[in-house]
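Q: Dropping the structure in here first, questions after.
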Amino acid sequence: MSRRRQIYEGKAKILYEGPEPGTLIQYFKDDATAFNAQKKGTISGKGVLNNRISEHVFTLLGNIGVPTHFIRRLNMREQLIRQVEIVPIEVIVRNVAAGTLSKRLGIEEGTQLPRTLIEYCYKDDALGDPLVAEEHIACFNWCSQDELHDIQDMAIRINDFMSGMFAAVGIRLVDFKLEFGRLYEGDFSRIILADEISPDGCRLWDMTTNEKLDKDRFRRDLGGEVEAYQEVARRLGLMPEGGENAVLDLDSHRKKRDK
């Protein structure tokens, strides 16, 4: 394969120039970060699992009419996606008090919220992705009012769908992060879902035991990160029973295959 031009590298993914205009290749890394990259590590096979889980969720969301940047999965670590202009806002959808919300407001972690809460953070690692209000978004023109309404409507729809999807396999969707982008079509643009949806950006708890099945295992030094990600994939029907059967590393898989 010819060497592709790298467009961007983030904490968990690398974006390369796509094969056609208006496309990119999104590569999922095993790198793990927390607390705005103050804590760094590696979760072996995480990129493979996140690629597969995100493909699954984005495909299902597309089937119910949520527009996304996802086109297709190319291989174990890469997806073909539509190139978008990312709106510089992280959208946090919360169903249960956890993480920074519990710390900020003194609400016991695990408390069911009386209604779904949507929060916004300004995407800037140097500033620590600060919490912002709708007034900040309007004042600094990070997106228009119509775009924000589209983002809010999609966020609620995605939450409703994913809550049911995870509940059906015994997982409680506590909260999750979304990113959106502008897809340009001639002189016009529309808002579509971008980035990824995986245990990296979702808090997922077992509905019976409250065991954490997400990146909090890395954040809080709980261990068992790979097993937790595998369990999510397994419950969603994306992995065979028995983690030893899972293909987690492309290079080792190729070496075994070529023997």
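Ligands are numbered from 1 in the order shown, chains are lettered A, B, ... in the order of the structure tokens, and residues start at 1 in each chain.
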Could you pull the residues within 10 Å of Asn210 in chain A, counting only C-alpha atoms, minus those fewer than 6 positions along the same chain, as an NGL selection string?

A: :A and (110 or 171-172 or 204)

Q: Would you export the selected residues with all heavy atoms as a PDB file, in the first residue's frame, please?

A:
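In the end it all went to again02.pdb:
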```
ATOM      1  N   GLY A 110     -23.925   7.359  40.687  1.00  0.00           N
ATOM      2  CA  GLY A 110     -24.918   6.306  40.538  1.00  0.00           C
ATOM      3  C   GLY A 110     -26.341   6.784  40.724  1.00  0.00           C
ATOM      4  O   GLY A 110     -27.290   6.018  40.515  1.00  0.00           O
ATOM      5  N   ILE A 171     -26.656  -3.714  30.106  1.00  0.00           N
ATOM      6  CA  ILE A 171     -25.707  -2.627  30.365  1.00  0.00           C
ATOM      7  C   ILE A 171     -26.462  -1.317  30.561  1.00  0.00           C
ATOM      8  O   ILE A 171     -27.371  -0.987  29.791  1.00  0.00           O
ATOM      9  CB  ILE A 171     -24.697  -2.485  29.212  1.00  0.00           C
ATOM     10  CG1 ILE A 171     -23.815  -3.739  29.120  1.00  0.00           C
ATOM     11  CG2 ILE A 171     -23.828  -1.247  29.390  1.00  0.00           C
ATOM     12  CD1 ILE A 171     -22.855  -3.732  27.938  1.00  0.00           C
ATOM     13  N   ARG A 172     -26.076  -0.579  31.583  1.00  0.00           N
ATOM     14  CA  ARG A 172     -26.685   0.722  31.883  1.00  0.00           C
ATOM     15  C   ARG A 172     -25.842   1.816  31.238  1.00  0.00           C
ATOM     16  O   ARG A 172     -24.639   1.924  31.487  1.00  0.00           O
ATOM     17  CB  ARG A 172     -26.722   0.911  33.403  1.00  0.00           C
ATOM     18  CG  ARG A 172     -27.502   2.103  33.910  1.00  0.00           C
ATOM     19  CD  ARG A 172     -27.377   2.135  35.438  1.00  0.00           C
ATOM     20  NE  ARG A 172     -28.278   3.097  36.058  1.00  0.00           N
ATOM     21  CZ  ARG A 172     -28.214   3.449  37.340  1.00  0.00           C
ATOM     22  NH1 ARG A 172     -27.312   2.890  38.134  1.00  0.00           N
ATOM     23  NH2 ARG A 172     -29.061   4.331  37.837  1.00  0.00           N
ATOM     24  N   LEU A 204     -20.350   2.801  30.900  1.00  0.00           N
ATOM     25  CA  LEU A 204     -21.212   1.635  30.742  1.00  0.00           C
ATOM     26  C   LEU A 204     -21.074   0.769  31.987  1.00  0.00           C
ATOM     27  O   LEU A 204     -19.976   0.307  32.298  1.00  0.00           O
ATOM     28  CB  LEU A 204     -20.806   0.851  29.493  1.00  0.00           C
ATOM     29  CG  LEU A 204     -20.783   1.635  28.167  1.00  0.00           C
ATOM     30  CD1 LEU A 204     -20.122   0.821  27.066  1.00  0.00           C
ATOM     31  CD2 LEU A 204     -22.196   2.040  27.773  1.00  0.00           C
TER      32      LEU A 204
END
```

Q: Using only C-alpha atoms, which residues sit within 8 Å of Glu55 in chain A once same-chain residues fewer than 5 positions away are excluded, as a PyMOL selection string?

A: chain A and resi 70+72-73

Q: Which neighbours of range 217-219 of chain A fall inside 12 Å, counting only C-alpha atoms, when residues of the same chain fewer than 6 positions from it are skipped, and could you give them as a PyMOL selection string?

A: chain A and resi 31-43+46+99+199-200+202-205+211+225-229

Q: With only C-alpha atoms as the atoms that count, which of A:Leu148, A:Ile107, A:Ala233, A:Leu173 lies nearest to Arg52 in chain A?

A: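 Of all the options, A:Ala233 lies closest to Arg52 in chain A.
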
Q: For Asp146 in chain A, which of A:Arg190, A:Arg115, A:Arg220, A:Lys123 is the closest residue, counting only C-alpha atoms?

A: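 The shortest atom-to-atom distance to Asp146 in chain A comes from A:Arg190.
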
Q: Would you give me, as a ChimeraX atom specification, the residues in range 1-247 of chain A that DSSP reads as strand (DSSP E or B)?

A: /A:6-9,13-17,23-28,31-34,39-42,68,70-73,78-82,85-86,89-96,112-122,131-132,171-185,188-194,202-206,212

Q: Mind checking which residues fall within 10 Å of Glu147 in chain A, counting only C-alpha atoms, ignoring those fewer than 6 positions away in the same chain, and posting them as a ChimeraX atom specification?

A: /A:87,153,180-182,189-192

Q: Could you take the residues named above and write them with C-alpha atoms, as a PDB file, in the first residue's frame?

A:
```pdb
ATOM      1  CA  VAL A  87     -17.890  21.689  15.553  1.00  0.00           C
ATOM      2  CA  ASP A 153     -32.319  16.721  18.739  1.00  0.00           C
ATOM      3  CA  PHE A 180     -20.606  16.543  15.471  1.00  0.00           C
ATOM      4  CA  GLY A 181     -19.356  17.994  12.208  1.00  0.00           C
ATOM      5  CA  ARG A 182     -20.507  20.028   9.236  1.00  0.00           C
ATOM      6  CA  SER A 189     -23.753  22.337   5.107  1.00  0.00           C
ATOM      7  CA  ARG A 190     -25.588  20.059   7.493  1.00  0.00           C
ATOM      8  CA  ILE A 191     -24.758  18.668  10.903  1.00  0.00           C
ATOM      9  CA  ILE A 192     -23.888  14.977  11.138  1.00  0.00           C
TER      10      ILE A 192
END
```

Q: Contacts of Thr59 in chain A at 12 Å or less, counting only C-alpha atoms, minus same-chain residues fewer than 4 places along, as a list in words?

A: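 Listed by chain and then number, they are Asn51, Arg52, Ile53, Ser54, Glu55, Asn63, Ile64, Gly65, Val66, Pro67, Thr68, His69, Phe70, Ile71, Arg72, Arg73, Leu193, Glu196 and Ile197 of chain A.
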
Q: May I have the residues within 10 Å of range 20-28 of chain A as number ranges by chain, using only C-alpha atoms and disregarding those fewer than 6 positions away in the same chain?

A: A: 4, 6-14, 45-52, 69-84, 183-184, 195-196

Q: Hey, what's within 10 Å of Asp129 in chain A if we count only C-alpha atoms and toss same-chain stuff fewer than 6 positions away? As a list in words, please?

A: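 That gives Asn36, Pro88, Ile89, Glu90, Tyr120, Cys121, Tyr122 and Lys123 of chain A.
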
Q: Output all heavy atoms for every residue in that selection, as a compact mmCIF listing (two decimals), in the first residue's frame.

A:
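Result saved to again.txt:
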```txt
# COMPACT_ATOMS: atom_id res chain seq x y z
N ASN A 36 -7.47 14.75 30.46
CA ASN A 36 -6.89 15.61 29.44
C ASN A 36 -5.42 15.26 29.18
O ASN A 36 -4.55 16.13 29.13
CB ASN A 36 -7.05 17.08 29.81
CG ASN A 36 -8.48 17.54 29.68
OD1 ASN A 36 -9.11 17.38 28.64
ND2 ASN A 36 -9.02 18.09 30.76
N PRO A 88 -16.50 22.71 17.32
CA PRO A 88 -15.57 22.63 18.46
C PRO A 88 -16.26 22.48 19.82
O PRO A 88 -15.87 23.11 20.80
CB PRO A 88 -14.81 23.95 18.36
CG PRO A 88 -15.79 24.90 17.78
CD PRO A 88 -16.60 24.08 16.78
N ILE A 89 -17.26 21.62 19.86
CA ILE A 89 -18.03 21.40 21.08
C ILE A 89 -18.15 19.90 21.34
O ILE A 89 -18.51 19.14 20.44
CB ILE A 89 -19.46 21.99 20.94
CG1 ILE A 89 -19.41 23.49 20.67
CG2 ILE A 89 -20.30 21.70 22.18
CD1 ILE A 89 -18.84 24.30 21.79
N GLU A 90 -17.80 19.49 22.55
CA GLU A 90 -18.11 18.12 22.98
C GLU A 90 -19.47 18.14 23.66
O GLU A 90 -19.73 18.98 24.52
CB GLU A 90 -17.04 17.60 23.95
CG GLU A 90 -15.72 17.28 23.30
CD GLU A 90 -14.75 16.63 24.28
OE1 GLU A 90 -15.09 16.54 25.49
OE2 GLU A 90 -13.66 16.24 23.85
N TYR A 120 -22.17 20.88 27.59
CA TYR A 120 -21.29 21.20 26.48
C TYR A 120 -19.91 21.58 27.02
O TYR A 120 -19.80 22.29 28.02
CB TYR A 120 -21.85 22.37 25.66
CG TYR A 120 -23.27 22.17 25.21
CD1 TYR A 120 -24.32 22.72 25.93
CD2 TYR A 120 -23.57 21.40 24.09
CE1 TYR A 120 -25.63 22.52 25.55
CE2 TYR A 120 -24.89 21.20 23.69
CZ TYR A 120 -25.91 21.77 24.43
OH TYR A 120 -27.21 21.57 24.04
N CYS A 121 -18.88 21.11 26.33
CA CYS A 121 -17.51 21.50 26.65
C CYS A 121 -16.85 22.05 25.40
O CYS A 121 -17.08 21.54 24.29
CB CYS A 121 -16.71 20.29 27.16
SG CYS A 121 -17.25 19.68 28.77
N TYR A 122 -16.05 23.09 25.58
CA TYR A 122 -15.30 23.65 24.46
C TYR A 122 -14.08 22.78 24.20
O TYR A 122 -13.30 22.50 25.11
CB TYR A 122 -14.87 25.08 24.79
CG TYR A 122 -14.04 25.74 23.72
CD1 TYR A 122 -14.47 25.79 22.40
CD2 TYR A 122 -12.82 26.34 24.04
CE1 TYR A 122 -13.71 26.40 21.42
CE2 TYR A 122 -12.04 26.95 23.07
CZ TYR A 122 -12.49 26.97 21.76
OH TYR A 122 -11.72 27.57 20.79
N LYS A 123 -13.93 22.31 22.96
CA LYS A 123 -12.86 21.39 22.60
C LYS A 123 -11.52 22.14 22.53
O LYS A 123 -11.21 22.77 21.53
CB LYS A 123 -13.15 20.71 21.26
CG LYS A 123 -14.07 19.51 21.35
CD LYS A 123 -14.38 18.93 19.98
CE LYS A 123 -13.14 18.50 19.22
NZ LYS A 123 -12.44 17.38 19.91
```

Q: Go through A:Ile158, A:Ala194, A:Leu213, A:Ala167 and flag the residue nearest Leu60 in chain A, using only C-alpha atoms for the distances.

A: A:Ile158

Q: So how far away is CA of Val174 in chain A from CA of Cys143 in chain A, in Å?

A: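 Separation between CA of Cys143 in chain A and CA of Val174 in chain A: 26.6 Å.
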
Q: Could you go through range 85-136 of chain A and tell me which residues DSSP, when run on the backbone, assigns to helix (DSSP H, G or I), listing them as a ChimeraX atom specification?

A: /A:99-105,125-127,134-136

Q: Could you write out the selected residues, including all heavy atoms, as a short mmCIF file (atom, residue, chain, number, x, y, z; two decimals), in the first residue's frame?

A:
```cif
data_model
loop_
_atom_site.label_atom_id
_atom_site.label_comp_id
_atom_site.auth_asym_id
_atom_site.auth_seq_id
_atom_site.Cartn_x
_atom_site.Cartn_y
_atom_site.Cartn_z
N GLY A 99 -18.69 10.73 37.49
CA GLY A 99 -17.55 11.51 37.03
C GLY A 99 -17.57 12.95 37.50
O GLY A 99 -17.83 13.24 38.67
N THR A 100 -17.29 13.87 36.57
CA THR A 100 -17.16 15.28 36.93
C THR A 100 -18.47 15.89 37.44
O THR A 100 -18.44 16.80 38.26
CB THR A 100 -16.65 16.11 35.74
OG1 THR A 100 -17.54 15.93 34.62
CG2 THR A 100 -15.25 15.67 35.33
N LEU A 101 -19.60 15.39 36.97
CA LEU A 101 -20.89 15.91 37.46
C LEU A 101 -21.04 15.65 38.95
O LEU A 101 -21.45 16.54 39.71
CB LEU A 101 -22.04 15.27 36.69
CG LEU A 101 -23.45 15.74 37.11
CD1 LEU A 101 -23.65 17.21 36.75
CD2 LEU A 101 -24.53 14.90 36.46
N SER A 102 -20.70 14.45 39.39
CA SER A 102 -20.78 14.13 40.81
C SER A 102 -19.84 15.01 41.63
O SER A 102 -20.21 15.50 42.71
CB SER A 102 -20.45 12.65 41.04
OG SER A 102 -21.43 11.82 40.48
N LYS A 103 -18.63 15.23 41.11
CA LYS A 103 -17.65 16.05 41.83
C LYS A 103 -18.08 17.51 41.89
O LYS A 103 -17.97 18.16 42.93
CB LYS A 103 -16.28 15.94 41.16
CG LYS A 103 -15.65 14.55 41.27
CD LYS A 103 -14.33 14.50 40.52
CE LYS A 103 -13.71 13.10 40.58
NZ LYS A 103 -12.46 13.01 39.79
N ARG A 104 -18.58 18.04 40.77
CA ARG A 104 -18.96 19.45 40.71
C ARG A 104 -20.12 19.78 41.62
O ARG A 104 -20.14 20.82 42.29
CB ARG A 104 -19.37 19.83 39.27
CG ARG A 104 -18.25 20.16 38.34
CD ARG A 104 -18.73 21.01 37.15
NE ARG A 104 -20.01 20.63 36.62
CZ ARG A 104 -20.22 19.78 35.62
NH1 ARG A 104 -19.19 19.19 35.05
NH2 ARG A 104 -21.42 19.52 35.18
N LEU A 105 -21.12 18.90 41.64
CA LEU A 105 -22.38 19.22 42.32
C LEU A 105 -22.60 18.41 43.60
O LEU A 105 -23.64 18.56 44.25
CB LEU A 105 -23.56 19.00 41.35
CG LEU A 105 -23.50 19.81 40.05
CD1 LEU A 105 -24.71 19.52 39.19
CD2 LEU A 105 -23.38 21.31 40.34
N ASP A 125 -7.72 21.08 24.33
CA ASP A 125 -6.95 20.31 25.32
C ASP A 125 -6.14 21.22 26.23
O ASP A 125 -5.99 20.94 27.43
CB ASP A 125 -6.02 19.33 24.61
CG ASP A 125 -6.77 18.16 23.99
OD1 ASP A 125 -7.92 17.91 24.40
OD2 ASP A 125 -6.20 17.50 23.09
N ALA A 126 -5.59 22.31 25.67
CA ALA A 126 -4.76 23.20 26.47
C ALA A 126 -5.55 23.85 27.61
O ALA A 126 -4.99 24.17 28.66
CB ALA A 126 -4.14 24.28 25.58
N LEU A 127 -6.85 24.02 27.39
CA LEU A 127 -7.71 24.63 28.42
C LEU A 127 -8.40 23.58 29.27
O LEU A 127 -9.14 23.92 30.20
CB LEU A 127 -8.77 25.53 27.75
CG LEU A 127 -8.23 26.71 26.94
CD1 LEU A 127 -9.39 27.44 26.27
CD2 LEU A 127 -7.45 27.67 27.83
N GLU A 134 -24.89 27.34 26.62
CA GLU A 134 -25.38 27.66 25.27
C GLU A 134 -25.06 29.10 24.91
O GLU A 134 -24.83 29.41 23.73
CB GLU A 134 -26.89 27.41 25.20
CG GLU A 134 -27.27 25.94 25.24
CD GLU A 134 -28.75 25.72 25.04
OE1 GLU A 134 -29.38 26.54 24.33
OE2 GLU A 134 -29.30 24.74 25.58
N GLU A 135 -25.06 29.98 25.90
CA GLU A 135 -24.77 31.39 25.63
C GLU A 135 -23.34 31.58 25.13
O GLU A 135 -23.08 32.43 24.27
CB GLU A 135 -24.99 32.22 26.91
CG GLU A 135 -26.44 32.47 27.27
CD GLU A 135 -27.10 31.24 27.89
OE1 GLU A 135 -26.38 30.26 28.22
OE2 GLU A 135 -28.33 31.25 28.04
N HIS A 136 -22.39 30.79 25.64
CA HIS A 136 -21.02 30.86 25.13
C HIS A 136 -20.98 30.42 23.67
O HIS A 136 -20.30 31.03 22.84
CB HIS A 136 -20.10 29.94 25.95
CG HIS A 136 -19.89 30.36 27.36
ND1 HIS A 136 -20.58 29.83 28.40
CD2 HIS A 136 -19.04 31.27 27.90
CE1 HIS A 136 -20.18 30.37 29.53
NE2 HIS A 136 -19.25 31.26 29.26
#
```
